[in-house]
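For reference, the structure discussed in these notes is given below.
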Amino acid sequence: MPLPSTCPMEFACMPEHFVEDALELLIFASRIPKALDGVVLDDFMNFIIMFMGSPNFIRNPYLRAKMVEVLNCWMPRRSGSSSATATLFEGHQMSLEYLVRNLLKLYVDIEFTGSHTQFYDKFNIRHNIAELLEYLWQVPSHRNAWTQIAKEEEKGVYLNFLNFLINDSIYLLDESLNKILELKEIEAEMSNTAEWERRPAQERQERTRLFHSQENIIRIDMKLANEDVSMLAFTSEQIVVPFLLPEMVERVASMLNYFLLQLVGPQRKSLTLKDPEKYEFRPKQLLKQIVCIYVHLARGDKENNFPAAISSDGRSYNEQLFSAAADVLRKIGEDMRVIQEFIELGAKAKAAASQAMDTEATLGEIPDEFLDPIQYTLMKDPVILPSSRITVDRPVIQRHLLSDSTDPFNRSHLTVDMLIPDTELKARIGEFIMSQELKRRGEGLNIQSIKDTIQTTNGEMLID
Amino acid sequence: MTSSSAPSRKALSKIACNRLQKELVEWQVNPPAGFKHKVSDNLQRWVIEVNGAPGTLYSNETYQLQVDFPEHYPMEAPQVIFVPPAPLHPHIYSNGHICLDILYDSWSPAMTVSSICISILSMLSSSTVKQRPADNDRYVKNCRNGRSPKETRWWFHDDKV
């Protein structure tokens, strides 16, 4: 970036409110129609783009989040009114080069603000970022920049972004669906008028208050969840690789399966609401988007890892979910081609499930040294941790490193590039798998040859 | 839900199940001294009996730990609390919540139930005084609505006990 890597003392000495006041004023002015007409905003735009993604210049994440708020005010709305600020986004060199990159970076940084409310703060801030990102995705030059970053940062900031996007989607959708169940419980209490009237007034008041607060929470969580799922859907159409990385693919698959189970599984009736739109709960649209994500990932899955990841999730996956979802999709008029691809994916997942069972049966008892010490599963790609010298499976440690840059065994600093491949162990694991397969096939052959002898003896007897 | 520690409604992932089964087998072969796992068929919640170590303030006393595992154990820390009555200790609140960094910020997937138990016992054993944390009443009041200790923002200020 044009900013130097270290922050000059003169800049660091300036009080925070210099920036904060300017941003406040911009937000205020942007809300008054025409107040900013004719004002040249390019320099503000430059400032915001540069500093938004530079924590070593402006440490306070909330201040950087405020910059996003300004951009939100300037964002051309879909309503078509040819906005003067559109050129700031679409014709501005620095914006084309850095805006998406820095928004993604801030999306990641905001996970840890250091405030005790960080868990909830991030949703608001990310909502603002997501609105901007959704708009930028529609602008071809920004979309190109975005796919470019995804490629360059496939294992860096983009993977982190995706990780948090998935975390948030799971949390938000899960929260809102659970809250719907609670809401319906209270609703049922209220509809039983006789029983309800008999309760003390104070209790009724409390339950009613709870009902309304639940309603609000559902509305907000659902809105954010919709936004996140839709971002996963539209980006996965063009950016697939990071979803399918070994440290990611199982999480993605288990999230999709879980959502599928909620929406078309046996309990889906319990989510029926009288007025779902009031809570922005649009199960059909959600289902379409989730199926789209499945299909997008299946299309880009060159190494054929996705079906196995789908079926290896031992909780929500079940082959009937795929046919149940396909039935619903036909009813609500989804594109037949998408449905077909989705059904094919379901069939592949089913095949992968039976293959996995075969493999497990073939391997039998696995020697401890071949097991990953964190998950106790057979290691596929063993790596040595440089400081603790412990060997773990690469996908397992890489997943840990997504949220924490330390060696889990001694807390020393650790990053992906420091992992040392344990080629000797990998070779021995390969040999072990081979020999178990041979043994099993050997047993199979023996049984086959016994059967053959029985048949021949029978045959001989027949001839006799 | 009325339980003081509503466990996650989400079932264990396959990985978590697999790992807990292994841990349980390991525990049965080689249990940490002073602890007894109470047999149940619930893999997601372990109840463990703790015996105060001889020669410490808690010798001849028995307490119960309740360990609830999240969906993505061991990538996420389990929730560990004492079932009240909890031992009188400067880092243990009367509702059973324990102020111990490895249960929250410093959790690492390389730790196990067994290693948690050993840490808790050593925390008990090194105590020189039987008393509640200074902010016990305030904290316990704040948790009345069934808040999990994992939602608390802990300050780990004392590394002596």
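Letters A, B, ... mark the chains of the structure tokens in the order given; residue numbers begin at 1 per chain; ligand numbers begin at 1, in order shown.
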
Could the residues of chain A within 10 Å of chain B, counting only C-alpha atoms, be given as a compact mmCIF listing (two decimals) with N, CA and C atoms, in the first residue's frame, please?
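Output below, filename result.txt:
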```txt
# COMPACT_ATOMS: atom_id res chain seq x y z
N SER A 115 -12.85 -5.27 23.25
CA SER A 115 -13.90 -4.80 24.15
C SER A 115 -14.70 -5.99 24.65
N HIS A 116 -15.33 -5.84 25.83
CA HIS A 116 -16.06 -7.00 26.35
C HIS A 116 -17.33 -7.26 25.56
N THR A 117 -17.70 -6.32 24.69
CA THR A 117 -18.89 -6.56 23.86
C THR A 117 -18.51 -7.01 22.46
N PHE A 119 -18.13 -9.68 20.98
CA PHE A 119 -18.89 -10.76 20.34
C PHE A 119 -20.09 -10.21 19.58
N ASP A 174 -28.62 -20.49 13.52
CA ASP A 174 -28.95 -21.39 14.61
C ASP A 174 -29.70 -20.66 15.71
N ASN A 178 -33.57 -21.42 16.75
CA ASN A 178 -33.89 -21.83 18.12
C ASN A 178 -34.88 -20.87 18.77
N SER A 254 -20.36 -29.62 6.89
CA SER A 254 -21.21 -29.90 8.05
C SER A 254 -22.18 -28.74 8.29
N SER A 312 -19.08 -37.56 5.65
CA SER A 312 -18.32 -37.93 6.85
C SER A 312 -18.78 -37.16 8.07
N ASP A 313 -19.60 -36.14 7.88
CA ASP A 313 -20.15 -35.43 9.03
C ASP A 313 -21.18 -36.33 9.67
N GLY A 314 -20.90 -36.79 10.86
CA GLY A 314 -21.72 -37.84 11.45
C GLY A 314 -23.00 -37.36 12.12
N ARG A 315 -23.35 -36.08 12.00
CA ARG A 315 -24.50 -35.59 12.76
C ARG A 315 -25.73 -35.36 11.90
N SER A 316 -25.59 -34.39 10.98
CA SER A 316 -26.80 -34.00 10.24
C SER A 316 -26.97 -34.81 8.97
N PRO A 373 -2.83 -36.71 17.35
CA PRO A 373 -3.00 -36.63 18.80
C PRO A 373 -4.14 -35.71 19.25
N ILE A 374 -4.67 -34.92 18.35
CA ILE A 374 -5.77 -34.03 18.74
C ILE A 374 -7.12 -34.65 18.43
N GLN A 375 -7.26 -35.25 17.26
CA GLN A 375 -8.57 -35.81 16.89
C GLN A 375 -8.63 -37.32 16.94
N TYR A 376 -7.50 -37.96 17.14
CA TYR A 376 -7.43 -39.42 17.16
C TYR A 376 -7.98 -40.03 15.88
N THR A 377 -7.69 -39.41 14.75
CA THR A 377 -8.07 -40.01 13.48
C THR A 377 -6.78 -40.35 12.72
N VAL A 396 -5.87 -30.78 10.59
CA VAL A 396 -6.27 -30.51 11.97
C VAL A 396 -5.54 -29.27 12.49
N ILE A 397 -4.24 -29.23 12.31
CA ILE A 397 -3.48 -28.11 12.85
C ILE A 397 -3.80 -26.83 12.08
N ARG A 399 -6.60 -26.02 10.79
CA ARG A 399 -7.87 -25.50 11.26
C ARG A 399 -7.68 -24.76 12.59
N HIS A 400 -6.86 -25.33 13.46
CA HIS A 400 -6.57 -24.65 14.73
C HIS A 400 -5.91 -23.30 14.47
N SER A 403 -7.75 -19.84 13.94
CA SER A 403 -8.24 -18.98 15.00
C SER A 403 -7.17 -18.66 16.03
N ASP A 404 -6.01 -19.27 15.94
CA ASP A 404 -5.04 -19.13 17.01
C ASP A 404 -3.64 -19.47 16.47
N THR A 406 -0.82 -20.37 17.60
CA THR A 406 0.11 -20.97 18.55
C THR A 406 0.14 -22.48 18.38
N ASP A 407 1.25 -23.05 18.84
CA ASP A 407 1.37 -24.50 18.92
C ASP A 407 0.47 -24.96 20.09
N PRO A 408 -0.50 -25.83 19.84
CA PRO A 408 -1.41 -26.20 20.93
C PRO A 408 -0.71 -26.94 22.06
N PHE A 409 0.49 -27.45 21.82
CA PHE A 409 1.14 -28.24 22.85
C PHE A 409 2.05 -27.42 23.76
N ASN A 410 2.53 -26.28 23.29
CA ASN A 410 3.36 -25.47 24.20
C ASN A 410 3.15 -23.97 24.02
N ARG A 411 2.14 -23.59 23.23
CA ARG A 411 1.77 -22.19 23.06
C ARG A 411 2.84 -21.32 22.43
```

Which of region 16-127 of chain A fall in alpha helix (DSSP H), as a count of residues only: 73

Nearest-residue call for Glu61 (chain B), choices B:Ala134, B:Leu124, B:Leu43, B:Ile116, using only C-alpha atoms: B:Leu124

Residue with smallest distance to Gly114 (chain A) - pool A:Ser30, A:Gln262, A:Asn60, A:Thr272, counting only C-alpha atoms: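 Closest residue, counting only C-alpha atoms: A:Asn60.
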
Coordinates-based distance that separates CA of Pro242 (chain A) from CA of Pro55 (chain A) (Å, one decimal): 25.2 Å

Coordinates-based distance that separates CA of Cys99 (chain B) from CA of Gly34 (chain B) (Å, one decimal): 20.7 Å
